[in-house]
Amino acid sequence: MNTKLKITKKQNFGKLSKGDDAKYVPKRVAEGATFGTGITAIKLTALGRPQLLLQLSEVISRARQYFEELVGGDGNVLNYHKTINDLEKYYVSLGIDNKEVKNFLKNVTSDKEGILHLFPWTGIVNDEFQLSDTFRVPDPKTGQMRRLISQIPPKEEEMFRNMIRRLNTIVKTAEELDVRIMVDAEQTYFQPAISRITLEMMRKYNKDKAIVFNTYQCYLREAFREVTTDLEQAKRQNFYFGAKLVRGAYMEQERARAEALGYPDPINANFDATTDMYHKTLTECLRRIKILKDCGEDAKKIGIMVASHNEDTVRYAIQKMKEIGISPEDKVICFGQLLGMCDYITFPLGQSGYSAYKYIPYGPVQEVLPYLSRRAQENKGVLQKIRKEKRLLLAEIFRRMRTGQLFYKPKGNYVPI
């Protein structure tokens, strides 16, 4: 029996500013804190100005809407399998055939299966990326190029580049120290930009193994489609895909904003619907891992963290792994819970050979408490879990007193996987 109990540190990089040197980044906290590959979680809104992420998210939504209007469909650009020639013929049919349109088509990202992105997103992870100059599309009505983002002042462009520099510094350091980076999910109005930047970081750094992970909130109605779309991009651009699956943490805020602004509620109807979405998404990831194994490819091209305090979800994951033929030794699935919560789930997982992580938020109290309060909101049954844990601890204390084993170590050869 093997065990693997790892620690992941949640870091706060919110105080980094222009000119910060990499040596000041608390980058070695997770290195050596575990028996193997450590994990560090970060928030992109702590690395730069959140307003820029909001603007970038709006651009992504407008670009998707623009393409949907062109092809008369619904969904992400890469799902249509339209080619650049198809797009060129469409513009020519509208009488749009000028130098600017030709330059636009040159920068469209595509492969043999069709268009992946309307814009050269690969450049977003570079220091010289210009937001204002990039997001322009041919207007079908006027034939002229129009901006999908308002002109951004040079100072704000520099702020964005600083954010990307900080993120690159963190991920490069993680790569050197064998630490994985999990980018936290945030509110839906930031998330398109966060996911886009994270996927490009995966494309840049996840060439030999999964270093960068994105987080998917399964209380969102679009969670399954977002995960499958990103899995498809990873497959087509040949990089390792990493995902942390969570239920979600901003439900009340999201619903209040949707009602105030008059757009559809992005959250699943109830807890059961969220559970179904979580299990459906996890099953799809496991199915694709199985396909990789069966084809003789590296199963680690997809890495998943099941970040859940829900016993039924953990049982479901273990059962599905057994059904599909994925073992703990494959190192493609790991589990995570907060330190101090659900130890009765984490420790048995570790003692049974599964990769189990304890997630440790740390930092100033005033900054950590909001995070912990969201976790409590996300896990409304937390008090019941605490009562159950207390019962189990008391039962163990009495058992040790009866048997004279006050200091007890479970039998087994505990070797990290």
# chains A, B, ... in the order shown; residues from 1 in each chain; ligands from 1
$ residues_around --residues "region 80-84 of chain A" --least-positions-apart "5" --cutoff "6 Å" --atoms "only C-alpha atoms" --output "JSON list (two decimals) with N, CA, C and O atoms, in the first residue's frame"
[["chain", "number", "residue", "atom", "x", "y", "z"],
["A", 113, "GLU", "N", -7.37, 20.99, -39.40],
["A", 113, "GLU", "CA", -8.79, 20.75, -39.13],
["A", 113, "GLU", "C", -9.63, 22.00, -39.20],
["A", 113, "GLU", "O", -10.85, 21.94, -39.15],
["A", 114, "GLY", "N", -8.97, 23.15, -39.30],
["A", 114, "GLY", "CA", -9.73, 24.39, -39.41],
["A", 114, "GLY", "C", -9.21, 25.48, -38.50],
["A", 114, "GLY", "O", -8.13, 25.38, -37.91],
["A", 115, "ILE", "N", -10.00, 26.54, -38.37],
["A", 115, "ILE", "CA", -9.61, 27.70, -37.58],
["A", 115, "ILE", "C", -9.70, 27.38, -36.09],
["A", 115, "ILE", "O", -10.69, 26.84, -35.61]]
$ select_by_dssp --residues "region 65-288 of chain A" --states "alpha helix (DSSP H)" --output "ChimeraX atom specification"
/A:65-71,84-93,99-106,131-134,154-177,191-205,223-237,251-261,271-288
$ residues_around --residues "Arg255 (chain A)" --least-positions-apart "5" --cutoff "10 Å" --atoms "only C-alpha atoms" --output "list in words"
Tyr250, Ala260, Tyr263, Pro264, Asp265, Pro266 and Ile267 of chain A
$ atom_distance --atom1 "CA of Asn126 (chain A)" --atom2 "CA of Glu68 (chain A)"
28.4 Å
$ closest_residue --among "A:Arg146, A:His309, A:Lys43, A:Lys320" --to "Asp133 (chain A)" --atoms "only C-alpha atoms"
A:Arg146
$ select_by_dssp --residues "region 167-390 of chain A" --states "strand (DSSP E or B)" --output "PyMOL selection string"
chain A and resi 179-183+212-217+220+241-246+267+302-307+333-338+355-361
$ residues_around --residues "Gln191 (chain A)" --least-positions-apart "5" --cutoff "7 Å" --atoms "only C-alpha atoms" --output "ChimeraX atom specification"
/A:57,185-186
$ residues_around --residues "region 289-302 of chain A" --least-positions-apart "4" --cutoff "10 Å" --atoms "only C-alpha atoms" --output "list in words"
Asn206, Lys207, Asp208, Lys209, Ala210, Leu231, Ala234, Lys235, Asn238, Phe239, Tyr240, Phe241, Gly242, Ala243, Thr283, Glu284, Cys285, Met321, Ile324, Gly325, Ile326, Asp330, Lys331, Val332 and Ile333 of chain A
$ write_last_selection --atoms "N, CA, C and O atoms" --output "tab-separated table (two decimals), in the first residue's frame"
chain	number	residue	atom	x	y	z
A	206	ASN	N	3.58	23.47	-21.21
A	206	ASN	CA	3.20	22.06	-21.03
A	206	ASN	C	3.58	21.22	-22.24
A	206	ASN	O	2.74	20.51	-22.81
A	207	LYS	N	4.85	21.26	-22.62
A	207	LYS	CA	5.28	20.51	-23.80
A	207	LYS	C	5.69	19.08	-23.47
A	207	LYS	O	5.52	18.18	-24.29
A	208	ASP	N	6.23	18.89	-22.28
A	208	ASP	CA	6.69	17.55	-21.89
A	208	ASP	C	5.89	16.97	-20.72
A	208	ASP	O	5.90	15.77	-20.50
A	209	LYS	N	5.22	17.82	-19.96
A	209	LYS	CA	4.38	17.39	-18.85
A	209	LYS	C	3.46	18.54	-18.46
A	209	LYS	O	3.66	19.69	-18.89
A	210	ALA	N	2.45	18.23	-17.68
A	210	ALA	CA	1.48	19.25	-17.27
A	210	ALA	C	2.06	20.05	-16.10
A	210	ALA	O	2.16	19.56	-14.98
A	231	LEU	N	-9.90	20.77	-24.06
A	231	LEU	CA	-9.28	19.47	-24.33
A	231	LEU	C	-8.99	19.32	-25.83
A	231	LEU	O	-7.94	18.81	-26.23
A	234	ALA	N	-5.98	21.42	-26.74
A	234	ALA	CA	-4.74	20.76	-26.30
A	234	ALA	C	-4.36	19.63	-27.25
A	234	ALA	O	-3.18	19.46	-27.59
A	235	LYS	N	-5.36	18.88	-27.70
A	235	LYS	CA	-5.10	17.78	-28.62
A	235	LYS	C	-4.58	18.30	-29.96
A	235	LYS	O	-3.60	17.78	-30.50
A	238	ASN	N	-1.20	19.96	-29.50
A	238	ASN	CA	-0.23	19.01	-28.96
A	238	ASN	C	0.49	19.52	-27.71
A	238	ASN	O	1.72	19.59	-27.67
A	239	PHE	N	-0.28	19.86	-26.69
A	239	PHE	CA	0.32	20.17	-25.40
A	239	PHE	C	-0.41	19.41	-24.30
A	239	PHE	O	-1.52	18.92	-24.49
A	240	TYR	N	0.25	19.29	-23.16
A	240	TYR	CA	-0.33	18.57	-22.01
A	240	TYR	C	-1.38	19.44	-21.35
A	240	TYR	O	-1.17	20.64	-21.11
A	241	PHE	N	-2.51	18.82	-21.05
A	241	PHE	CA	-3.66	19.55	-20.50
A	241	PHE	C	-3.80	19.26	-19.01
A	241	PHE	O	-3.80	18.10	-18.60
A	242	GLY	N	-3.90	20.31	-18.20
A	242	GLY	CA	-4.11	20.13	-16.77
A	242	GLY	C	-5.35	20.86	-16.31
A	242	GLY	O	-5.58	22.02	-16.69
A	243	ALA	N	-6.18	20.19	-15.51
A	243	ALA	CA	-7.43	20.80	-15.04
A	243	ALA	C	-7.69	20.46	-13.59
A	243	ALA	O	-7.47	19.33	-13.15
A	283	THR	N	-16.03	12.38	-16.01
A	283	THR	CA	-16.13	11.15	-16.81
A	283	THR	C	-15.55	11.36	-18.20
A	283	THR	O	-14.86	10.48	-18.75
A	284	GLU	N	-15.82	12.52	-18.80
A	284	GLU	CA	-15.28	12.82	-20.13
A	284	GLU	C	-13.75	12.88	-20.11
A	284	GLU	O	-13.08	12.38	-21.02
A	285	CYS	N	-13.20	13.48	-19.06
A	285	CYS	CA	-11.74	13.54	-18.93
A	285	CYS	C	-11.15	12.14	-18.78
A	285	CYS	O	-10.15	11.80	-19.43
A	321	MET	N	-12.57	5.45	-12.11
A	321	MET	CA	-11.18	5.09	-12.42
A	321	MET	C	-11.05	3.57	-12.55
A	321	MET	O	-10.40	3.07	-13.46
A	324	ILE	N	-12.85	2.29	-15.78
A	324	ILE	CA	-12.17	2.64	-17.02
A	324	ILE	C	-10.78	2.01	-17.11
A	324	ILE	O	-10.22	1.86	-18.19
A	325	GLY	N	-10.25	1.63	-15.96
A	325	GLY	CA	-8.93	1.00	-15.96
A	325	GLY	C	-7.79	1.97	-15.74
A	325	GLY	O	-6.70	1.79	-16.28
A	326	ILE	N	-8.04	3.00	-14.94
A	326	ILE	CA	-7.00	3.96	-14.60
A	326	ILE	C	-6.60	3.73	-13.15
A	326	ILE	O	-7.44	3.75	-12.25
A	330	ASP	N	-0.87	5.49	-12.43
A	330	ASP	CA	-0.82	6.20	-13.71
A	330	ASP	C	-0.49	7.68	-13.54
A	330	ASP	O	-0.09	8.36	-14.50
A	331	LYS	N	-0.68	8.19	-12.34
A	331	LYS	CA	-0.36	9.59	-12.00
A	331	LYS	C	-1.09	10.60	-12.88
A	331	LYS	O	-0.51	11.61	-13.28
A	332	VAL	N	-2.32	10.33	-13.18
A	332	VAL	CA	-3.10	11.26	-14.01
A	332	VAL	C	-4.26	11.88	-13.24
A	332	VAL	O	-4.82	12.89	-13.68
A	333	ILE	N	-4.62	11.28	-12.11
A	333	ILE	CA	-5.71	11.79	-11.28
A	333	ILE	C	-5.18	12.00	-9.87
A	333	ILE	O	-4.52	11.12	-9.30
$ residues_around --residues "Val179 (chain A)" --least-positions-apart "4" --cutoff "8 Å" --atoms "only C-alpha atoms" --output "ChimeraX atom specification"
/A:30-31,37-40,174-175,211
$ atom_distance --atom1 "CA of Arg391 (chain A)" --atom2 "CA of Gln405 (chain A)"
18.6 Å
$ closest_residue --among "A:Leu245, A:Leu177, A:Ile386, A:Leu116" --to "Tyr344 (chain A)" --atoms "only C-alpha atoms"
A:Ile386
$ residues_around --residues "Asp272 (chain A)" --least-positions-apart "3" --cutoff "12 Å" --atoms "only C-alpha atoms" --output "PDB file with all heavy atoms, in the first residue's frame"
ATOM      1  N   CYS A 218     -17.723  23.741 -11.881  1.00  0.00           N
ATOM      2  CA  CYS A 218     -18.787  22.903 -12.435  1.00  0.00           C
ATOM      3  C   CYS A 218     -20.185  23.346 -12.030  1.00  0.00           C
ATOM      4  O   CYS A 218     -21.164  22.719 -12.436  1.00  0.00           O
ATOM      5  CB  CYS A 218     -18.552  21.446 -12.046  1.00  0.00           C
ATOM      6  SG  CYS A 218     -17.068  20.749 -12.824  1.00  0.00           S
ATOM      7  N   TYR A 219     -20.298  24.428 -11.258  1.00  0.00           N
ATOM      8  CA  TYR A 219     -21.644  24.959 -11.019  1.00  0.00           C
ATOM      9  C   TYR A 219     -22.100  25.833 -12.178  1.00  0.00           C
ATOM     10  O   TYR A 219     -23.231  26.293 -12.218  1.00  0.00           O
ATOM     11  CB  TYR A 219     -21.724  25.697  -9.696  1.00  0.00           C
ATOM     12  CG  TYR A 219     -21.035  27.047  -9.578  1.00  0.00           C
ATOM     13  CD1 TYR A 219     -21.272  27.849  -8.460  1.00  0.00           C
ATOM     14  CD2 TYR A 219     -20.151  27.538 -10.527  1.00  0.00           C
ATOM     15  CE1 TYR A 219     -20.664  29.079  -8.306  1.00  0.00           C
ATOM     16  CE2 TYR A 219     -19.540  28.751 -10.398  1.00  0.00           C
ATOM     17  CZ  TYR A 219     -19.796  29.524  -9.282  1.00  0.00           C
ATOM     18  OH  TYR A 219     -19.183  30.749  -9.141  1.00  0.00           O
ATOM     19  N   ARG A 247     -16.455  22.749  -7.599  1.00  0.00           N
ATOM     20  CA  ARG A 247     -17.877  23.045  -7.762  1.00  0.00           C
ATOM     21  C   ARG A 247     -18.082  24.517  -8.097  1.00  0.00           C
ATOM     22  O   ARG A 247     -18.771  24.866  -9.029  1.00  0.00           O
ATOM     23  CB  ARG A 247     -18.645  22.641  -6.500  1.00  0.00           C
ATOM     24  CG  ARG A 247     -19.081  21.182  -6.554  1.00  0.00           C
ATOM     25  CD  ARG A 247     -19.909  20.765  -5.358  1.00  0.00           C
ATOM     26  NE  ARG A 247     -20.635  19.538  -5.649  1.00  0.00           N
ATOM     27  CZ  ARG A 247     -20.091  18.343  -5.735  1.00  0.00           C
ATOM     28  NH1 ARG A 247     -18.794  18.207  -5.543  1.00  0.00           N
ATOM     29  NH2 ARG A 247     -20.821  17.280  -6.021  1.00  0.00           N
ATOM     30  N   ASN A 268     -25.921  26.556 -12.559  1.00  0.00           N
ATOM     31  CA  ASN A 268     -26.855  25.435 -12.613  1.00  0.00           C
ATOM     32  C   ASN A 268     -28.007  25.631 -11.626  1.00  0.00           C
ATOM     33  O   ASN A 268     -27.854  26.308 -10.607  1.00  0.00           O
ATOM     34  CB  ASN A 268     -26.128  24.123 -12.292  1.00  0.00           C
ATOM     35  CG  ASN A 268     -25.247  23.667 -13.438  1.00  0.00           C
ATOM     36  OD1 ASN A 268     -25.646  23.730 -14.596  1.00  0.00           O
ATOM     37  ND2 ASN A 268     -24.041  23.216 -13.121  1.00  0.00           N
ATOM     38  N   ALA A 269     -29.124  24.998 -11.924  1.00  0.00           N
ATOM     39  CA  ALA A 269     -30.352  25.250 -11.162  1.00  0.00           C
ATOM     40  C   ALA A 269     -30.248  24.877  -9.686  1.00  0.00           C
ATOM     41  O   ALA A 269     -30.796  25.556  -8.823  1.00  0.00           O
ATOM     42  CB  ALA A 269     -31.519  24.504 -11.812  1.00  0.00           C
ATOM     43  N   THR A 275     -23.687  18.678  -9.283  1.00  0.00           N
ATOM     44  CA  THR A 275     -23.042  17.370  -9.106  1.00  0.00           C
ATOM     45  C   THR A 275     -23.031  16.594 -10.421  1.00  0.00           C
ATOM     46  O   THR A 275     -22.012  15.993 -10.796  1.00  0.00           O
ATOM     47  CB  THR A 275     -23.756  16.559  -8.016  1.00  0.00           C
ATOM     48  OG1 THR A 275     -23.652  17.259  -6.768  1.00  0.00           O
ATOM     49  CG2 THR A 275     -23.149  15.176  -7.862  1.00  0.00           C
ATOM     50  N   ASP A 276     -24.153  16.614 -11.119  1.00  0.00           N
ATOM     51  CA  ASP A 276     -24.230  15.931 -12.414  1.00  0.00           C
ATOM     52  C   ASP A 276     -23.214  16.519 -13.405  1.00  0.00           C
ATOM     53  O   ASP A 276     -22.575  15.773 -14.162  1.00  0.00           O
ATOM     54  CB  ASP A 276     -25.646  16.046 -13.003  1.00  0.00           C
ATOM     55  CG  ASP A 276     -26.660  15.229 -12.216  1.00  0.00           C
ATOM     56  OD1 ASP A 276     -26.245  14.327 -11.453  1.00  0.00           O
ATOM     57  OD2 ASP A 276     -27.873  15.498 -12.355  1.00  0.00           O
ATOM     58  N   MET A 277     -23.085  17.847 -13.401  1.00  0.00           N
ATOM     59  CA  MET A 277     -22.132  18.507 -14.295  1.00  0.00           C
ATOM     60  C   MET A 277     -20.704  18.109 -13.932  1.00  0.00           C
ATOM     61  O   MET A 277     -19.875  17.827 -14.817  1.00  0.00           O
ATOM     62  CB  MET A 277     -22.295  20.028 -14.203  1.00  0.00           C
ATOM     63  CG  MET A 277     -21.316  20.814 -15.069  1.00  0.00           C
ATOM     64  SD  MET A 277     -21.580  20.551 -16.850  1.00  0.00           S
ATOM     65  CE  MET A 277     -23.062  21.558 -17.087  1.00  0.00           C
ATOM     66  N   TYR A 278     -20.411  18.067 -12.639  1.00  0.00           N
ATOM     67  CA  TYR A 278     -19.073  17.673 -12.177  1.00  0.00           C
ATOM     68  C   TYR A 278     -18.756  16.248 -12.635  1.00  0.00           C
ATOM     69  O   TYR A 278     -17.698  15.987 -13.222  1.00  0.00           O
ATOM     70  CB  TYR A 278     -19.027  17.774 -10.652  1.00  0.00           C
ATOM     71  CG  TYR A 278     -17.636  17.768 -10.047  1.00  0.00           C
ATOM     72  CD1 TYR A 278     -17.186  18.854  -9.321  1.00  0.00           C
ATOM     73  CD2 TYR A 278     -16.770  16.687 -10.194  1.00  0.00           C
ATOM     74  CE1 TYR A 278     -15.912  18.870  -8.760  1.00  0.00           C
ATOM     75  CE2 TYR A 278     -15.500  16.688  -9.640  1.00  0.00           C
ATOM     76  CZ  TYR A 278     -15.076  17.774  -8.921  1.00  0.00           C
ATOM     77  OH  TYR A 278     -13.822  17.788  -8.368  1.00  0.00           O
ATOM     78  N   HIS A 279     -19.686  15.335 -12.388  1.00  0.00           N
ATOM     79  CA  HIS A 279     -19.457  13.928 -12.733  1.00  0.00           C
ATOM     80  C   HIS A 279     -19.370  13.727 -14.253  1.00  0.00           C
ATOM     81  O   HIS A 279     -18.542  12.939 -14.736  1.00  0.00           O
ATOM     82  CB  HIS A 279     -20.572  13.063 -12.141  1.00  0.00           C
ATOM     83  CG  HIS A 279     -20.547  13.026 -10.644  1.00  0.00           C
ATOM     84  ND1 HIS A 279     -21.490  12.345  -9.893  1.00  0.00           N
ATOM     85  CD2 HIS A 279     -19.693  13.587  -9.740  1.00  0.00           C
ATOM     86  CE1 HIS A 279     -21.200  12.489  -8.607  1.00  0.00           C
ATOM     87  NE2 HIS A 279     -20.132  13.241  -8.496  1.00  0.00           N
ATOM     88  N   ASP A 312     -19.464  11.662  -2.007  1.00  0.00           N
ATOM     89  CA  ASP A 312     -20.049  10.972  -3.152  1.00  0.00           C
ATOM     90  C   ASP A 312     -19.234  11.212  -4.422  1.00  0.00           C
ATOM     91  O   ASP A 312     -19.055  10.299  -5.240  1.00  0.00           O
ATOM     92  CB  ASP A 312     -21.496  11.430  -3.368  1.00  0.00           C
ATOM     93  CG  ASP A 312     -22.418  10.985  -2.236  1.00  0.00           C
ATOM     94  OD1 ASP A 312     -22.093   9.969  -1.581  1.00  0.00           O
ATOM     95  OD2 ASP A 312     -23.439  11.651  -1.999  1.00  0.00           O
ATOM     96  N   THR A 313     -18.731  12.437  -4.597  1.00  0.00           N
ATOM     97  CA  THR A 313     -17.926  12.750  -5.774  1.00  0.00           C
ATOM     98  C   THR A 313     -16.599  12.005  -5.733  1.00  0.00           C
ATOM     99  O   THR A 313     -16.126  11.487  -6.757  1.00  0.00           O
ATOM    100  CB  THR A 313     -17.694  14.266  -5.870  1.00  0.00           C
ATOM    101  OG1 THR A 313     -18.935  14.904  -6.192  1.00  0.00           O
ATOM    102  CG2 THR A 313     -16.669  14.609  -6.943  1.00  0.00           C
TER     103      THR A 313
END
$ closest_residue --among "A:Arg287, A:Lys358, A:Arg399, A:Lys322" --to "Cys334 (chain A)" --atoms "only C-alpha atoms"
A:Lys358
$ atom_distance --atom1 "CA of Leu393 (chain A)" --atom2 "CA of Gly363 (chain A)"
28.9 Å
